[in-house]
$ cat target-v1.txt   # compact mmCIF, N, CA and C atoms
# COMPACT_ATOMS: atom_id res chain seq x y z
N MET U 1 22.18 17.72 1.68
CA MET U 1 21.42 16.54 1.31
C MET U 1 21.19 16.56 -0.18
N GLY U 2 21.40 15.42 -0.84
CA GLY U 2 21.16 15.31 -2.27
C GLY U 2 19.68 15.17 -2.58
N PRO U 3 19.29 15.35 -3.84
CA PRO U 3 17.89 15.34 -4.20
C PRO U 3 17.19 14.01 -3.99
N CYS U 4 17.91 12.91 -3.88
CA CYS U 4 17.26 11.61 -3.69
C CYS U 4 17.38 11.09 -2.27
N GLU U 5 17.98 11.88 -1.37
CA GLU U 5 18.12 11.45 0.01
C GLU U 5 16.95 11.96 0.83
N PRO U 6 16.31 11.08 1.64
CA PRO U 6 15.23 11.54 2.51
C PRO U 6 15.76 12.52 3.54
N SER U 7 14.93 13.50 3.90
CA SER U 7 15.37 14.53 4.83
C SER U 7 15.25 14.12 6.28
N GLY U 8 14.52 13.04 6.59
CA GLY U 8 14.36 12.65 7.98
C GLY U 8 13.27 13.45 8.66
N ARG U 9 13.25 13.39 10.00
CA ARG U 9 12.20 14.05 10.77
C ARG U 9 12.51 15.51 10.95
N ARG U 10 11.44 16.30 11.11
CA ARG U 10 11.57 17.74 11.29
C ARG U 10 11.71 18.06 12.77
N ASP U 11 12.35 19.15 13.06
CA ASP U 11 12.54 19.62 14.43
C ASP U 11 11.19 19.96 15.05
N ARG U 12 10.93 19.51 16.29
CA ARG U 12 9.65 19.76 16.96
C ARG U 12 9.37 21.25 17.12
N SER U 13 10.38 22.11 17.19
CA SER U 13 10.13 23.54 17.35
C SER U 13 9.39 24.11 16.14
N GLU U 14 9.59 23.54 14.96
CA GLU U 14 8.86 23.98 13.77
C GLU U 14 7.37 23.76 13.96
N PHE U 15 6.99 22.63 14.54
CA PHE U 15 5.58 22.33 14.75
C PHE U 15 4.96 23.27 15.78
N ARG U 16 5.72 23.66 16.83
CA ARG U 16 5.18 24.56 17.85
C ARG U 16 4.83 25.92 17.25
N VAL U 17 5.65 26.43 16.34
CA VAL U 17 5.35 27.71 15.68
C VAL U 17 4.08 27.57 14.85
N ILE U 18 3.98 26.49 14.11
CA ILE U 18 2.81 26.25 13.27
C ILE U 18 1.57 26.11 14.14
N GLU U 19 1.68 25.38 15.26
CA GLU U 19 0.55 25.19 16.16
C GLU U 19 -0.02 26.53 16.60
N SER U 20 0.84 27.48 16.97
CA SER U 20 0.34 28.76 17.49
C SER U 20 -0.39 29.55 16.42
N ILE U 21 -0.02 29.39 15.17
CA ILE U 21 -0.69 30.09 14.08
C ILE U 21 -2.12 29.58 13.89
N PHE U 22 -2.33 28.28 14.02
CA PHE U 22 -3.62 27.68 13.73
C PHE U 22 -4.51 27.47 14.95
N MET U 23 -4.02 27.79 16.14
CA MET U 23 -4.83 27.61 17.35
C MET U 23 -6.02 28.55 17.34
N ASP U 24 -7.16 28.10 17.88
CA ASP U 24 -8.28 29.01 17.99
C ASP U 24 -8.08 29.92 19.20
N ASP U 25 -8.86 31.01 19.30
CA ASP U 25 -8.66 32.01 20.34
C ASP U 25 -8.81 31.43 21.74
N GLU U 26 -9.77 30.52 21.93
CA GLU U 26 -9.99 29.93 23.25
C GLU U 26 -8.77 29.11 23.69
N ALA U 27 -8.19 28.35 22.78
CA ALA U 27 -7.02 27.55 23.11
C ALA U 27 -5.83 28.44 23.42
N LYS U 28 -5.68 29.57 22.71
CA LYS U 28 -4.58 30.49 22.99
C LYS U 28 -4.69 31.06 24.41
N GLU U 29 -5.92 31.37 24.83
CA GLU U 29 -6.13 31.94 26.16
C GLU U 29 -5.87 30.93 27.26
N THR U 30 -6.25 29.68 27.05
CA THR U 30 -6.11 28.66 28.10
C THR U 30 -4.86 27.82 27.93
N ASP U 31 -4.18 27.95 26.82
CA ASP U 31 -2.99 27.17 26.48
C ASP U 31 -3.31 25.67 26.42
N GLU U 32 -4.59 25.35 26.12
CA GLU U 32 -4.98 23.96 25.93
C GLU U 32 -4.90 23.65 24.45
N ARG U 33 -4.06 22.70 24.11
CA ARG U 33 -3.95 22.32 22.71
C ARG U 33 -3.36 20.92 22.60
N THR U 34 -3.65 20.30 21.50
CA THR U 34 -3.11 19.00 21.19
C THR U 34 -1.82 19.20 20.42
N GLU U 35 -0.79 18.45 20.76
CA GLU U 35 0.48 18.57 20.04
C GLU U 35 0.31 18.01 18.63
N LEU U 36 0.84 18.73 17.65
CA LEU U 36 0.72 18.31 16.26
C LEU U 36 2.00 17.61 15.82
N GLY U 37 1.84 16.67 14.91
CA GLY U 37 2.98 15.92 14.39
C GLY U 37 3.08 16.04 12.89
N PRO U 38 3.84 15.14 12.26
CA PRO U 38 4.02 15.18 10.81
C PRO U 38 2.74 14.78 10.07
N ILE U 39 2.64 15.19 8.82
CA ILE U 39 1.42 14.95 8.04
C ILE U 39 1.31 13.53 7.50
N ALA U 40 2.40 12.80 7.47
CA ALA U 40 2.37 11.44 6.93
C ALA U 40 3.46 10.60 7.60
N THR U 41 3.65 9.39 7.09
CA THR U 41 4.53 8.42 7.73
C THR U 41 6.00 8.82 7.65
N ARG U 42 6.48 9.18 6.45
CA ARG U 42 7.90 9.54 6.33
C ARG U 42 8.13 10.35 5.06
N VAL U 43 9.16 11.19 5.11
CA VAL U 43 9.58 11.96 3.94
C VAL U 43 10.46 11.05 3.09
N VAL U 44 10.14 10.97 1.79
CA VAL U 44 10.93 10.12 0.88
C VAL U 44 11.77 10.94 -0.10
N TYR U 45 11.46 12.23 -0.22
CA TYR U 45 12.22 13.11 -1.11
C TYR U 45 11.94 14.55 -0.71
N GLU U 46 12.95 15.41 -0.84
CA GLU U 46 12.75 16.83 -0.58
C GLU U 46 13.79 17.64 -1.34
N ASP U 47 13.34 18.75 -1.94
CA ASP U 47 14.24 19.72 -2.54
C ASP U 47 13.68 21.11 -2.27
N GLU U 48 14.16 22.12 -2.97
CA GLU U 48 13.73 23.50 -2.69
C GLU U 48 12.29 23.79 -3.13
N ARG U 49 11.70 22.92 -3.94
CA ARG U 49 10.34 23.17 -4.45
C ARG U 49 9.26 22.27 -3.87
N VAL U 50 9.61 21.02 -3.50
CA VAL U 50 8.61 20.07 -3.00
C VAL U 50 9.14 19.25 -1.84
N ARG U 51 8.24 18.70 -1.07
CA ARG U 51 8.54 17.68 -0.05
C ARG U 51 7.56 16.54 -0.33
N VAL U 52 8.07 15.33 -0.51
CA VAL U 52 7.24 14.18 -0.86
C VAL U 52 7.19 13.22 0.33
N TRP U 53 5.97 12.88 0.73
CA TRP U 53 5.74 12.00 1.87
C TRP U 53 5.12 10.69 1.40
N ASP U 54 5.46 9.61 2.10
CA ASP U 54 4.78 8.34 1.96
C ASP U 54 3.83 8.24 3.16
N GLN U 55 2.59 7.86 2.91
CA GLN U 55 1.61 7.75 3.99
C GLN U 55 0.98 6.35 3.97
N VAL U 56 1.09 5.67 5.10
CA VAL U 56 0.50 4.35 5.26
C VAL U 56 -0.31 4.36 6.55
N ILE U 57 -1.62 4.04 6.43
CA ILE U 57 -2.48 3.99 7.61
C ILE U 57 -3.17 2.62 7.62
N ALA U 58 -2.78 1.78 8.55
CA ALA U 58 -3.38 0.45 8.68
C ALA U 58 -4.81 0.57 9.20
N PRO U 59 -5.65 -0.43 8.97
CA PRO U 59 -7.01 -0.39 9.51
C PRO U 59 -7.00 -0.15 11.02
N GLY U 60 -7.84 0.79 11.45
CA GLY U 60 -7.93 1.13 12.87
C GLY U 60 -6.86 2.09 13.36
N GLN U 61 -5.89 2.42 12.53
CA GLN U 61 -4.81 3.32 12.92
C GLN U 61 -5.12 4.76 12.49
N SER U 62 -4.32 5.70 13.01
CA SER U 62 -4.53 7.13 12.79
C SER U 62 -3.25 7.79 12.29
N THR U 63 -3.43 8.91 11.61
CA THR U 63 -2.28 9.73 11.22
C THR U 63 -1.72 10.49 12.41
N GLY U 64 -2.53 10.67 13.43
CA GLY U 64 -2.19 11.58 14.52
C GLY U 64 -2.57 12.98 14.10
N PRO U 65 -2.78 13.88 15.06
CA PRO U 65 -3.12 15.26 14.74
C PRO U 65 -1.97 15.94 13.99
N HIS U 66 -2.32 16.67 12.94
CA HIS U 66 -1.30 17.35 12.13
C HIS U 66 -1.90 18.55 11.41
N VAL U 67 -1.04 19.42 10.91
CA VAL U 67 -1.49 20.59 10.14
C VAL U 67 -0.87 20.53 8.75
N HIS U 68 -1.67 20.86 7.76
CA HIS U 68 -1.16 20.97 6.39
C HIS U 68 -0.77 22.43 6.19
N GLU U 69 0.50 22.73 6.42
CA GLU U 69 0.98 24.10 6.33
C GLU U 69 1.24 24.56 4.90
N LEU U 70 1.27 23.63 3.96
CA LEU U 70 1.51 23.94 2.55
C LEU U 70 0.42 23.31 1.69
N PRO U 71 0.12 23.91 0.52
CA PRO U 71 -0.78 23.23 -0.41
C PRO U 71 -0.11 21.92 -0.85
N TYR U 72 -0.93 20.92 -1.18
CA TYR U 72 -0.35 19.62 -1.49
C TYR U 72 -1.21 18.83 -2.45
N ALA U 73 -0.55 17.89 -3.14
CA ALA U 73 -1.25 16.91 -3.97
C ALA U 73 -1.32 15.62 -3.18
N LEU U 74 -2.49 15.01 -3.18
CA LEU U 74 -2.72 13.73 -2.50
C LEU U 74 -2.98 12.69 -3.58
N VAL U 75 -2.05 11.76 -3.72
CA VAL U 75 -2.18 10.70 -4.71
C VAL U 75 -2.45 9.40 -3.95
N THR U 76 -3.66 8.90 -4.07
CA THR U 76 -4.04 7.69 -3.34
C THR U 76 -3.69 6.46 -4.18
N VAL U 77 -2.82 5.64 -3.63
CA VAL U 77 -2.39 4.41 -4.29
C VAL U 77 -3.39 3.29 -3.97
N GLU U 78 -3.64 3.08 -2.67
CA GLU U 78 -4.63 2.10 -2.20
C GLU U 78 -5.62 2.82 -1.30
N GLY U 79 -6.86 2.87 -1.70
CA GLY U 79 -7.87 3.60 -0.95
C GLY U 79 -8.46 2.80 0.21
N SER U 80 -9.25 3.50 1.01
CA SER U 80 -9.94 2.90 2.15
C SER U 80 -10.97 3.90 2.66
N SER U 81 -11.65 3.54 3.72
CA SER U 81 -12.58 4.46 4.39
C SER U 81 -11.82 5.20 5.47
N LEU U 82 -11.97 6.53 5.51
CA LEU U 82 -11.29 7.35 6.51
C LEU U 82 -12.29 8.25 7.21
N ASP U 83 -12.09 8.45 8.50
CA ASP U 83 -12.78 9.50 9.25
C ASP U 83 -11.78 10.62 9.46
N VAL U 84 -12.07 11.79 8.94
CA VAL U 84 -11.19 12.95 9.07
C VAL U 84 -11.84 13.89 10.09
N ALA U 85 -11.13 14.10 11.21
CA ALA U 85 -11.69 14.87 12.32
C ALA U 85 -10.89 16.14 12.57
N PRO U 86 -11.59 17.23 12.91
CA PRO U 86 -10.87 18.44 13.32
C PRO U 86 -10.16 18.17 14.65
N VAL U 87 -9.13 18.94 14.94
CA VAL U 87 -8.35 18.76 16.17
C VAL U 87 -8.80 19.82 17.18
N PRO U 88 -9.26 19.40 18.37
CA PRO U 88 -9.71 20.36 19.38
C PRO U 88 -8.62 21.38 19.70
N GLY U 89 -9.04 22.64 19.82
CA GLY U 89 -8.10 23.72 20.11
C GLY U 89 -7.54 24.42 18.89
N TYR U 90 -7.92 23.96 17.69
CA TYR U 90 -7.45 24.56 16.44
C TYR U 90 -8.64 24.93 15.58
N ARG U 91 -8.46 25.94 14.75
CA ARG U 91 -9.52 26.35 13.83
C ARG U 91 -9.81 25.22 12.85
N ALA U 92 -11.08 24.92 12.67
CA ALA U 92 -11.48 23.89 11.71
C ALA U 92 -11.58 24.52 10.33
N MET U 93 -10.91 23.92 9.36
CA MET U 93 -10.94 24.48 8.01
C MET U 93 -12.15 24.00 7.23
N HIS U 94 -12.49 22.73 7.38
CA HIS U 94 -13.58 22.16 6.59
C HIS U 94 -14.88 22.10 7.37
N SER U 95 -14.83 21.57 8.59
CA SER U 95 -16.04 21.36 9.37
C SER U 95 -15.67 21.10 10.82
N ASP U 96 -16.58 21.40 11.72
CA ASP U 96 -16.37 21.07 13.13
C ASP U 96 -16.76 19.62 13.41
N GLU U 97 -17.28 18.94 12.42
CA GLU U 97 -17.74 17.55 12.56
C GLU U 97 -16.75 16.60 11.89
N ILE U 98 -16.83 15.34 12.28
CA ILE U 98 -16.02 14.30 11.63
C ILE U 98 -16.57 14.09 10.22
N LEU U 99 -15.67 14.05 9.25
CA LEU U 99 -16.03 13.83 7.86
C LEU U 99 -15.65 12.39 7.50
N SER U 100 -16.63 11.56 7.19
CA SER U 100 -16.37 10.17 6.79
C SER U 100 -16.31 10.11 5.27
N VAL U 101 -15.19 9.59 4.76
CA VAL U 101 -14.99 9.55 3.31
C VAL U 101 -14.51 8.17 2.88
N GLU U 102 -14.90 7.80 1.69
CA GLU U 102 -14.40 6.59 1.05
C GLU U 102 -13.48 7.08 -0.06
N ILE U 103 -12.18 6.84 0.11
CA ILE U 103 -11.21 7.31 -0.89
C ILE U 103 -10.85 6.14 -1.79
N GLU U 104 -11.10 6.33 -3.07
CA GLU U 104 -10.86 5.28 -4.06
C GLU U 104 -9.37 5.16 -4.37
N SER U 105 -8.94 3.97 -4.75
CA SER U 105 -7.57 3.73 -5.19
C SER U 105 -7.32 4.45 -6.52
N GLN U 106 -6.08 4.79 -6.75
CA GLN U 106 -5.62 5.40 -7.99
C GLN U 106 -6.35 6.70 -8.32
N THR U 107 -6.45 7.57 -7.31
CA THR U 107 -7.05 8.88 -7.51
C THR U 107 -6.08 9.95 -7.03
N ALA U 108 -6.33 11.18 -7.44
CA ALA U 108 -5.47 12.29 -7.04
C ALA U 108 -6.30 13.55 -6.84
N ALA U 109 -5.84 14.41 -5.93
CA ALA U 109 -6.49 15.70 -5.68
C ALA U 109 -5.43 16.69 -5.23
N VAL U 110 -5.65 17.96 -5.53
CA VAL U 110 -4.78 19.03 -5.03
C VAL U 110 -5.58 19.77 -3.98
N LEU U 111 -5.00 19.93 -2.78
CA LEU U 111 -5.70 20.51 -1.65
C LEU U 111 -4.96 21.74 -1.11
N PRO U 112 -5.70 22.70 -0.54
CA PRO U 112 -5.06 23.91 -0.02
C PRO U 112 -4.40 23.67 1.34
N SER U 113 -3.58 24.60 1.74
CA SER U 113 -2.97 24.55 3.07
C SER U 113 -4.00 24.97 4.11
N GLY U 114 -3.65 24.75 5.38
CA GLY U 114 -4.45 25.27 6.48
C GLY U 114 -5.26 24.27 7.26
N SER U 115 -5.43 23.07 6.76
CA SER U 115 -6.25 22.09 7.47
C SER U 115 -5.50 21.52 8.67
N VAL U 116 -6.15 21.52 9.83
CA VAL U 116 -5.61 20.88 11.04
C VAL U 116 -6.55 19.73 11.34
N GLU U 117 -6.05 18.50 11.25
CA GLU U 117 -6.93 17.34 11.28
C GLU U 117 -6.21 16.10 11.77
N GLU U 118 -7.00 15.06 11.94
CA GLU U 118 -6.50 13.72 12.22
C GLU U 118 -7.35 12.76 11.40
N ALA U 119 -6.72 11.83 10.70
CA ALA U 119 -7.46 10.86 9.88
C ALA U 119 -7.30 9.47 10.48
N VAL U 120 -8.42 8.75 10.59
CA VAL U 120 -8.43 7.39 11.10
C VAL U 120 -8.93 6.46 10.00
N ASN U 121 -8.20 5.38 9.77
CA ASN U 121 -8.62 4.40 8.78
C ASN U 121 -9.70 3.51 9.40
N THR U 122 -10.93 3.70 8.95
CA THR U 122 -12.06 2.92 9.46
C THR U 122 -12.39 1.75 8.55
N GLY U 123 -11.61 1.58 7.49
CA GLY U 123 -11.84 0.49 6.55
C GLY U 123 -11.16 -0.79 6.98
N ASP U 124 -11.24 -1.79 6.09
CA ASP U 124 -10.62 -3.08 6.40
C ASP U 124 -9.36 -3.34 5.60
N GLN U 125 -8.88 -2.33 4.88
CA GLN U 125 -7.61 -2.47 4.16
C GLN U 125 -6.72 -1.28 4.44
N THR U 126 -5.43 -1.47 4.28
CA THR U 126 -4.45 -0.41 4.52
C THR U 126 -4.61 0.70 3.49
N TYR U 127 -4.60 1.94 3.98
CA TYR U 127 -4.65 3.12 3.11
C TYR U 127 -3.20 3.51 2.79
N HIS U 128 -2.90 3.74 1.52
CA HIS U 128 -1.55 4.13 1.11
C HIS U 128 -1.64 5.29 0.13
N ALA U 129 -0.92 6.37 0.45
CA ALA U 129 -0.93 7.55 -0.43
C ALA U 129 0.46 8.17 -0.48
N ILE U 130 0.65 8.97 -1.49
CA ILE U 130 1.84 9.81 -1.63
C ILE U 130 1.34 11.26 -1.57
N LEU U 131 1.95 12.06 -0.69
CA LEU U 131 1.60 13.48 -0.58
C LEU U 131 2.78 14.30 -1.09
N VAL U 132 2.50 15.28 -1.94
CA VAL U 132 3.54 16.17 -2.44
C VAL U 132 3.19 17.58 -1.98
N GLU U 133 3.97 18.10 -1.04
CA GLU U 133 3.78 19.47 -0.57
C GLU U 133 4.51 20.42 -1.49
N PHE U 134 3.83 21.51 -1.87
CA PHE U 134 4.41 22.51 -2.76
C PHE U 134 4.93 23.67 -1.92
N LYS U 135 6.24 23.87 -1.93
CA LYS U 135 6.85 24.94 -1.13
C LYS U 135 6.68 26.29 -1.83
N GLU U 136 6.79 27.35 -1.06
CA GLU U 136 6.73 28.70 -1.62
C GLU U 136 7.92 28.92 -2.55
N ARG U 137 7.72 29.68 -3.58
CA ARG U 137 8.83 29.99 -4.50
C ARG U 137 9.58 31.19 -4.01
$ encode --input "target-v1.txt" --output "structure tokens"
Amino acid sequence: MGPCEPSGRRDRSEFRVIESIFMDDEAKETDERTELGPIATRVVYEDERVRVWDQVIAPGQSTGPHVHELPYALVTVEGSSLDVAPVPGYRAMHSDEILSVEIESQTAAVLPSGSVEEAVNTGDQTYHAILVEFKER
């Protein structure tokens, strides 16, 4: 794949390995867990150092449960109100409670790996962001 070609969807077996790493002890014992998916809408670029995602969440829609396995930069193009919730059966990185946030347009943040979450757009406008995952060197 060339540097400007999108990589497409990832193999589901990759997510199963990641799921087992982040599952809490109770979920491991009972094998109760929520299936995790991709962190954003689609991959738009990937090379040996980064993976770049486009993320679009319409009002009332969700990202679906996912894990941030790599540190990443979150560049918000169009902000909105989001509820970020931990995923049952996985270790909560930030809080066991739903975190309600208002994310402003044209902002950026660098975040660590390890978060297992689901984000719901509770605002009245579409949330649009670009996520850049930083791969290990």
$ residues_around --input "target-v1.txt" --residues "Val56 (chain U)" --least-positions-apart "3" --cutoff "6.5 Å" --atoms "all atoms listed in the file" --output "list in words"
Ala40, Thr41, Thr126, Tyr127, His128 and Ala129 of chain U
$ closest_residue --input "target-v1.txt" --among "U:Glu118, U:Arg51, U:Ile103, U:Gln125" --to "Thr63 (chain U)" --atoms "only N, CA and C atoms"
U:Glu118
$ residues_around --input "target-v1.txt" --residues "Met93 (chain U)" --least-positions-apart "4" --cutoff "6.5 Å" --atoms "only N, CA and C atoms" --output "CSV table (one decimal) with N, CA and C atoms, in the coordinates of the input"
chain,number,residue,atom,x,y,z
U,114,GLY,N,-3.6,24.8,5.4
U,114,GLY,CA,-4.4,25.3,6.5
U,114,GLY,C,-5.3,24.3,7.3
U,115,SER,N,-5.4,23.1,6.8
U,115,SER,CA,-6.2,22.1,7.5
U,115,SER,C,-5.5,21.5,8.7
U,116,VAL,N,-6.2,21.5,9.8
U,116,VAL,CA,-5.6,20.9,11.0
U,116,VAL,C,-6.6,19.7,11.3
$ atom_distance --input "target-v1.txt" --atom1 "atom N of Thr107 (chain U)" --atom2 "atom N of Gly79 (chain U)"
7.3 Å
$ select_by_dssp --input "target-v1.txt" --residues "region 27-75 of chain U" --states "helix (DSSP H, G or I)" --output "VMD selection string"
chain U and resid 27 to 30
$ residues_around --input "target-v1.txt" --residues "Ser62 (chain U)" --least-positions-apart "3" --cutoff "7 Å" --atoms "all atoms listed in the file" --output "PyMOL selection string"
chain U and resi 57-59+65+118-121
$ atom_distance --input "target-v1.txt" --atom1 "CA of Lys135 (chain U)" --atom2 "CA of Gln55 (chain U)"
18.7 Å
$ atom_distance --input "target-v1.txt" --atom1 "atom N of Glu104 (chain U)" --atom2 "atom N of Leu82 (chain U)"
8.6 Å
